[in-house]
Structures are given as C-alpha cells and as structure tokens.
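Asks: Sharing upload_36.cif, mmCIF, C-alpha atoms:
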data_start
#
loop_
_atom_site.group_PDB
_atom_site.id
_atom_site.type_symbol
_atom_site.label_atom_id
_atom_site.label_comp_id
_atom_site.auth_asym_id
_atom_site.auth_seq_id
_atom_site.Cartn_x
_atom_site.Cartn_y
_atom_site.Cartn_z
ATOM 1 C CA MET A 1 -166.476 163.996 46.914
ATOM 2 C CA ASN A 2 -166.582 164.989 50.560
ATOM 3 C CA ILE A 3 -167.703 162.270 52.954
ATOM 4 C CA PRO A 4 -168.149 163.377 56.580
ATOM 5 C CA GLN A 5 -165.916 161.487 59.046
ATOM 6 C CA LYS A 6 -168.904 159.810 60.720
ATOM 7 C CA ASN A 7 -170.198 158.539 57.370
ATOM 8 C CA GLU A 8 -166.705 157.443 56.344
ATOM 9 C CA ALA A 9 -166.449 155.259 59.455
ATOM 10 C CA SER A 10 -169.795 153.722 58.578
ATOM 11 C CA LEU A 11 -168.679 153.106 54.982
ATOM 12 C CA LEU A 12 -165.482 151.457 56.229
ATOM 13 C CA LYS A 13 -167.440 149.169 58.527
ATOM 14 C CA ARG A 14 -169.759 148.193 55.683
ATOM 15 C CA ALA A 15 -166.803 147.678 53.312
ATOM 16 C CA LYS A 16 -165.072 145.434 55.854
ATOM 17 C CA ASN A 17 -168.243 143.343 55.858
ATOM 18 C CA GLY A 18 -167.925 142.880 52.085
ATOM 19 C CA ASP A 19 -170.055 145.773 50.804
ATOM 20 C CA LYS A 20 -168.370 146.674 47.501
ATOM 21 C CA ASP A 21 -170.579 149.722 46.982
ATOM 22 C CA ALA A 22 -169.395 151.212 50.281
ATOM 23 C CA PHE A 23 -165.786 150.597 49.280
ATOM 24 C CA ASN A 24 -166.442 152.129 45.852
ATOM 25 C CA LEU A 25 -167.501 155.361 47.538
ATOM 26 C CA MET A 26 -164.173 155.417 49.374
ATOM 27 C CA VAL A 27 -162.377 154.797 46.074
ATOM 28 C CA ILE A 28 -164.244 157.686 44.445
ATOM 29 C CA LYS A 29 -163.198 159.971 47.292
ATOM 30 C CA TYR A 30 -159.501 159.091 47.337
ATOM 31 C CA GLN A 31 -158.701 157.961 43.802
ATOM 32 C CA PRO A 32 -157.826 161.426 42.404
ATOM 33 C CA ARG A 33 -155.493 162.154 45.319
ATOM 34 C CA ILE A 34 -153.760 158.782 45.067
ATOM 35 C CA MET A 35 -153.464 159.243 41.306
ATOM 36 C CA SER A 36 -151.878 162.639 41.841
ATOM 37 C CA VAL A 37 -149.239 161.425 44.278
ATOM 38 C CA LEU A 38 -148.387 158.454 42.068
ATOM 39 C CA TYR A 39 -148.095 160.741 39.066
ATOM 40 C CA GLY A 40 -145.662 162.816 41.118
ATOM 41 C CA PHE A 41 -143.519 159.728 41.574
ATOM 42 C CA LEU A 42 -143.835 158.100 38.185
ATOM 43 C CA LYS A 43 -144.326 161.031 35.790
ATOM 44 C CA THR A 44 -146.498 159.051 33.414
ATOM 45 C CA HIS A 45 -150.238 159.044 33.443
ATOM 46 C CA SER A 46 -150.532 155.390 32.429
ATOM 47 C CA ASP A 47 -148.142 154.115 35.141
ATOM 48 C CA ALA A 48 -149.858 156.250 37.767
ATOM 49 C CA GLU A 49 -153.238 154.975 36.599
ATOM 50 C CA ASP A 50 -152.066 151.344 36.771
ATOM 51 C CA LEU A 51 -150.620 151.750 40.251
ATOM 52 C CA THR A 52 -153.707 153.601 41.447
ATOM 53 C CA GLN A 53 -155.785 150.608 40.411
ATOM 54 C CA GLN A 54 -153.293 148.254 42.082
ATOM 55 C CA THR A 55 -153.445 150.373 45.254
ATOM 56 C CA PHE A 56 -157.199 150.028 45.596
ATOM 57 C CA ILE A 57 -157.192 146.354 44.667
ATOM 58 C CA LYS A 58 -154.601 145.746 47.370
ATOM 59 C CA ALA A 59 -156.609 147.855 49.819
ATOM 60 C CA TRP A 60 -159.781 145.860 49.052
ATOM 61 C CA ILE A 61 -158.020 142.512 49.413
ATOM 62 C CA ASN A 62 -156.371 143.558 52.692
ATOM 63 C CA LEU A 63 -159.202 145.635 54.135
ATOM 64 C CA GLU A 64 -159.669 143.279 57.096
ATOM 65 C CA LYS A 65 -156.063 144.119 58.110
ATOM 66 C CA PHE A 66 -156.891 147.830 58.419
ATOM 67 C CA ARG A 67 -156.948 148.364 62.192
ATOM 68 C CA GLY A 68 -157.832 152.034 62.216
ATOM 69 C CA ASP A 69 -154.577 153.129 63.899
ATOM 70 C CA SER A 70 -154.387 155.794 61.202
ATOM 71 C CA SER A 71 -157.014 157.220 58.891
ATOM 72 C CA PHE A 72 -158.091 155.146 55.906
ATOM 73 C CA TYR A 73 -156.569 157.834 53.701
ATOM 74 C CA THR A 74 -153.150 157.441 55.366
ATOM 75 C CA TRP A 75 -153.349 153.665 55.090
ATOM 76 C CA VAL A 76 -154.151 153.817 51.357
ATOM 77 C CA TYR A 77 -151.334 156.347 50.843
ATOM 78 C CA ARG A 78 -148.886 153.938 52.465
ATOM 79 C CA ILE A 79 -150.000 151.217 50.079
ATOM 80 C CA ALA A 80 -149.611 153.555 47.090
ATOM 81 C CA ILE A 81 -146.175 154.785 48.165
ATOM 82 C CA ASN A 82 -144.910 151.275 48.785
ATOM 83 C CA LEU A 83 -146.148 150.163 45.368
ATOM 84 C CA ALA A 84 -144.494 153.198 43.749
ATOM 85 C CA LYS A 85 -141.190 152.540 45.533
ATOM 86 C CA ASN A 86 -141.215 148.922 44.391
ATOM 87 C CA TYR A 87 -142.133 149.964 40.873
ATOM 88 C CA VAL A 88 -139.329 152.513 40.660
ATOM 89 C CA LYS A 89 -136.769 150.081 42.104
ATOM 90 C CA LYS A 90 -137.641 147.476 39.479
ATOM 91 C CA PRO A 91 -138.485 149.430 36.337
ATOM 92 C CA SER A 92 -138.357 146.327 34.182
ATOM 93 C CA THR A 93 -140.968 144.649 36.347
ATOM 94 C CA LYS A 94 -144.489 145.632 35.487
ATOM 95 C CA PHE A 95 -147.220 144.922 37.945
ATOM 96 C CA GLU A 96 -149.339 142.010 36.991
ATOM 97 C CA LYS A 97 -152.703 143.014 35.685
ATOM 98 C CA THR A 98 -155.536 141.349 37.484
ATOM 99 C CA SER A 99 -158.949 140.553 36.153
ATOM 100 C CA ILE A 100 -160.541 141.115 39.546
ATOM 101 C CA SER A 101 -162.594 144.267 39.555
ATOM 102 C CA ILE A 102 -163.467 145.973 42.793
ATOM 103 C CA ASP A 103 -166.177 147.891 41.086
ATOM 104 C CA GLU A 104 -168.240 147.787 37.977
ATOM 105 C CA HIS A 105 -168.046 151.494 37.288
ATOM 106 C CA HIS A 106 -165.590 153.694 35.433
ATOM 107 C CA TYR A 107 -164.666 156.982 37.055
ATOM 108 C CA ASP A 108 -163.132 159.737 34.971
ATOM 109 C CA LEU A 109 -160.222 161.524 36.585
ATOM 110 C CA PRO A 110 -159.256 165.102 35.835
ATOM 111 C CA GLU A 111 -156.822 165.308 32.924
ATOM 112 C CA ASP A 112 -154.659 167.978 34.583
ATOM 113 C CA LEU A 113 -153.109 166.121 37.498
ATOM 114 C CA ASP A 114 -149.678 167.738 37.262
ATOM 115 C CA PRO A 115 -148.973 169.261 40.695
ATOM 116 C CA LEU A 116 -146.256 171.464 39.235
ATOM 117 C CA SER A 117 -148.534 173.128 36.694
ATOM 118 C CA VAL A 118 -147.774 176.503 38.258
ATOM 119 C CA ILE A 119 -144.288 176.396 36.749
ATOM 120 C CA SER A 120 -144.561 178.316 33.514
ATOM 121 C CA SER A 121 -141.648 176.824 31.656
ATOM 122 C CA ASP A 122 -142.233 173.305 30.364
ATOM 123 C CA HIS A 123 -138.492 172.898 30.012
ATOM 124 C CA LEU A 124 -137.819 173.777 33.655
ATOM 125 C CA LYS A 125 -140.660 171.555 34.748
ATOM 126 C CA THR A 126 -139.222 168.665 32.754
ATOM 127 C CA GLU A 127 -135.775 169.268 34.228
ATOM 128 C CA LEU A 128 -137.217 169.409 37.745
ATOM 129 C CA ASP A 129 -139.249 166.232 37.199
ATOM 130 C CA THR A 130 -136.178 164.428 35.883
ATOM 131 C CA PHE A 131 -134.061 165.608 38.792
ATOM 132 C CA ILE A 132 -136.669 164.644 41.402
ATOM 133 C CA SER A 133 -136.973 161.207 39.785
ATOM 134 C CA SER A 134 -133.226 160.724 40.178
ATOM 135 C CA MET A 135 -133.186 161.622 43.874
ATOM 136 C CA PRO A 136 -132.728 158.891 46.487
ATOM 137 C CA GLU A 137 -136.081 157.253 47.283
ATOM 138 C CA LYS A 138 -136.264 158.462 50.890
ATOM 139 C CA LEU A 139 -135.677 162.088 49.918
ATOM 140 C CA LYS A 140 -138.023 161.886 46.947
ATOM 141 C CA THR A 141 -140.818 160.310 48.999
ATOM 142 C CA ALA A 142 -140.676 162.956 51.720
ATOM 143 C CA PHE A 143 -140.367 165.789 49.192
ATOM 144 C CA VAL A 144 -143.235 164.644 46.959
ATOM 145 C CA LEU A 145 -145.579 164.150 49.896
ATOM 146 C CA ARG A 146 -144.728 167.586 51.293
ATOM 147 C CA GLU A 147 -144.459 169.688 48.151
ATOM 148 C CA TYR A 148 -146.786 167.931 45.709
ATOM 149 C CA GLU A 149 -149.414 166.770 48.172
ATOM 150 C CA GLY A 150 -149.081 169.431 50.881
ATOM 151 C CA LYS A 151 -148.885 166.869 53.670
ATOM 152 C CA SER A 152 -147.839 167.988 57.137
ATOM 153 C CA TYR A 153 -144.632 166.645 58.631
ATOM 154 C CA GLU A 154 -146.745 164.596 61.025
ATOM 155 C CA GLU A 155 -148.740 163.048 58.186
ATOM 156 C CA ILE A 156 -145.583 162.201 56.263
ATOM 157 C CA ALA A 157 -144.047 160.633 59.370
ATOM 158 C CA SER A 158 -147.175 158.526 59.771
ATOM 159 C CA ILE A 159 -147.349 157.566 56.090
ATOM 160 C CA THR A 160 -143.689 156.572 55.898
ATOM 161 C CA ASP A 161 -143.490 155.188 59.434
ATOM 162 C CA CYS A 162 -140.481 157.376 60.134
ATOM 163 C CA PRO A 163 -139.611 159.859 62.948
ATOM 164 C CA ILE A 164 -140.684 163.440 62.293
ATOM 165 C CA GLY A 165 -137.123 164.776 62.728
ATOM 166 C CA THR A 166 -135.914 162.457 59.987
ATOM 167 C CA ILE A 167 -138.735 163.664 57.728
ATOM 168 C CA ARG A 168 -137.778 167.308 58.315
ATOM 169 C CA SER A 169 -134.170 166.479 57.512
ATOM 170 C CA ARG A 170 -135.057 164.608 54.320
ATOM 171 C CA ILE A 171 -137.264 167.422 53.051
ATOM 172 C CA PHE A 172 -134.569 169.984 53.851
ATOM 173 C CA ARG A 173 -131.926 167.906 52.030
ATOM 174 C CA ALA A 174 -134.219 167.387 49.036
ATOM 175 C CA ARG A 175 -134.896 171.114 48.752
ATOM 176 C CA GLU A 176 -131.190 171.830 49.136
ATOM 177 C CA GLU A 177 -130.314 169.356 46.368
ATOM 178 C CA ILE A 178 -132.899 170.923 44.048
ATOM 179 C CA VAL A 179 -131.607 174.451 44.711
ATOM 180 C CA ASN A 180 -128.002 173.340 44.138
ATOM 181 C CA TYR A 181 -128.977 171.543 40.949
ATOM 182 C CA PHE A 182 -130.676 174.621 39.500
ATOM 183 C CA LYS A 183 -127.791 176.863 40.568
ATOM 184 C CA GLU A 184 -125.488 174.598 38.532
ATOM 185 C CA VAL A 185 -127.889 174.575 35.572
ATOM 186 C CA LEU A 186 -128.211 178.374 35.605
ATOM 187 C CA HIS A 187 -124.434 178.795 36.026
ATOM 188 C CA GLU A 188 -123.804 176.545 32.995
ATOM 189 C CA ARG A 189 -126.192 178.633 30.883
ATOM 190 C CA ASP A 190 -124.459 181.941 31.682
#
Translate the structure of the given file into structure tokens.

Replies:
Amino acid sequence: MNIPQKNEASLLKRAKNGDKDAFNLMVIKYQPRIMSVLYGFLKTHSDAEDLTQQTFIKAWINLEKFRGDSSFYTWVYRIAINLAKNYVKKPSTKFEKTSISIDEHHYDLPEDLDPLSVISSDHLKTELDTFISSMPEKLKTAFVLREYEGKSYEEIASITDCPIGTIRSRIFRAREEIVNYFKEVLHERD
C-alpha cells in the first residue's frame, strides 16, 4: 500500500485524534516491513508476528507522544527494534498478550518474508542466521537494518539514535565477523 506523504500526514493527524480507521491504514502500510525486520532478528514467524502486533499496539497507545521529529515509519521501527532487543535479552520472558485490539480486521502477510531467500543453500542460510543471532546486539541491529532492510546509514543512525560514524563502524565489524566466520567454516570443511 502506497500512501502519499500528504495523505499520510492527514492520516496521522486523524489517528492522533482517536480515529482507529486512519491508524489501521498506517498499520496496513507498515506491517509487512516491520514483520520482515523482526523476522530478521528473531528467525521465527510466530515471534515476529507477536512482536509486530506488540509494536503497533504500543504505537497506538503512545501515538500522542509522536512529535514528528522523524517519520512515522522511523518511529515505529524504533519501537519494533527496542521490543526485539528486549525480547532477545530475555528469551524466557514472553510478551504479555493483550486483549486490546487496535483494529477489527485481519490482514494476511506474505508467507515468504525471509530477506535472505536469495541464498541458495538452506544449510548456509541456517548457519548465517544462527551466526547473526549470536552477534552482539549493537552489531546485529545495525547489520540487519542495513543488509536485510536496505536502510541508509542516516536512517539507521536515526532509528538507533546513534552517530552515523558508529553505525558505519558497527556494520563494517559485523560484515568482517561474518566473513571471518565463513572463512573458518570453509577451512574446517577442506
């Protein structure tokens, strides 16, 4: 769904005034992208789905706090990333399910949300996913946003509230760790 910027601003204004239908249109627009980034972090469809729902519930509840310093998309991404970081840090803690529904509709998401689907070997993909999951949070966050989501360095800096030089360094280090890991794996197989 492509909502022109002018219409998006109008939808946001209406949503801030309590219009659930306006907010639902924003959810429809951004839900697949949020789901994709969360899947990149969590590697399970059900966890990503749960956190996507939590992201939009939190966004709805806190919508009056959205000041517009960044785009709505960036703001929602920050919420999603923070929820994912907390979830990963406390794997035994599951997010509390809430009975509050921000909409009365069900939206089907594409089944193929794996951003690494271009990798032909399922085994290599699994190894890469496992390795990325084990990376330090700061490196993983920057890497996933850049490589899975195609975010610019500026967008990542804004999303993570971190200087752009630090983001460049984290992405470089993440890539370097991945290359070194696969060099070791390939060396062991020879």

Asks: Kindly give the distance, in Å, that separates atom CA of A:Arg67 and atom CA of A:Thr52, rounded to a single decimal.

Replies: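 Straight-line distance from atom CA of A:Arg67 to atom CA of A:Thr52 works out to 21.6 Å.
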
Asks: Quick one: apply the PyMOL selection byres ((chain A and resi 26) around 12) to the file and drop the selected residues here as a PyMOL selection string.

Replies: chain A and resi 1-5+7-16+19-25+27-34+56+59-60+63+72-73+76+102-103

Asks: Once the PyMOL selection byres ((chain A and resi 173) around 12) has been evaluated on this model, what residues remain selected, and can you format them as a short mmCIF file (atom, residue, chain, number, x, y, z; two decimals) with C-alpha atoms, keeping the file's coordinate frame?

Replies:
data_model
loop_
_atom_site.label_atom_id
_atom_site.label_comp_id
_atom_site.auth_asym_id
_atom_site.auth_seq_id
_atom_site.Cartn_x
_atom_site.Cartn_y
_atom_site.Cartn_z
CA MET A 135 -133.19 161.62 43.87
CA PRO A 136 -132.73 158.89 46.49
CA LYS A 138 -136.26 158.46 50.89
CA LEU A 139 -135.68 162.09 49.92
CA LYS A 140 -138.02 161.89 46.95
CA ALA A 142 -140.68 162.96 51.72
CA PHE A 143 -140.37 165.79 49.19
CA THR A 166 -135.91 162.46 59.99
CA ILE A 167 -138.74 163.66 57.73
CA ARG A 168 -137.78 167.31 58.32
CA SER A 169 -134.17 166.48 57.51
CA ARG A 170 -135.06 164.61 54.32
CA ILE A 171 -137.26 167.42 53.05
CA PHE A 172 -134.57 169.98 53.85
CA ALA A 174 -134.22 167.39 49.04
CA ARG A 175 -134.90 171.11 48.75
CA GLU A 176 -131.19 171.83 49.14
CA GLU A 177 -130.31 169.36 46.37
CA ILE A 178 -132.90 170.92 44.05
CA VAL A 179 -131.61 174.45 44.71
CA ASN A 180 -128.00 173.34 44.14
#

Asks: Could you pull the residues within 12 Å of A:Lys85, counting only C-alpha atoms, minus those fewer than 6 positions along the same chain, as JSON, numbers by chain?

Replies: {"A": [38, 41, 42, 51, 78, 79, 91, 133, 136, 137, 138, 139, 140, 141, 160]}

Asks: Just give me the gap between atom CA of A:Glu184 and atom CA of A:Ala84 in Å, one decimal is fine.

Replies: 29.1 Å

Asks: Just to confirm, what's the straight-line distance from atom CA of A:Gln54 to atom CA of A:Leu128 in Å (one decimal)?

Replies: 26.9 Å

Asks: Which residue out of A:Asp161, A:Glu155, A:Glu149, A:Glu127 has the minimum interatomic distance to A:Tyr181 when only C-alpha atoms are used?

Replies: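 Result for the nearest residue to A:Tyr181: A:Glu127.
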
Asks: Hey, what's within 10 Å of A:Thr74 if we count all atoms listed in the file and toss same-chain stuff fewer than 6 positions away? As a PDB file with C-alpha atoms, in the frame of the given file, please?

Replies:
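Result file result15.pdb:
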ATOM      1  CA  GLY A  68    -157.832 152.034  62.216  1.00  0.00           C
ATOM      2  CA  ALA A  80    -149.611 153.555  47.090  1.00  0.00           C
ATOM      3  CA  GLU A 155    -148.740 163.048  58.186  1.00  0.00           C
ATOM      4  CA  ILE A 156    -145.583 162.201  56.263  1.00  0.00           C
ATOM      5  CA  SER A 158    -147.175 158.526  59.771  1.00  0.00           C
ATOM      6  CA  ILE A 159    -147.349 157.566  56.090  1.00  0.00           C
ATOM      7  CA  THR A 160    -143.689 156.572  55.898  1.00  0.00           C
TER       8      THR A 160
END
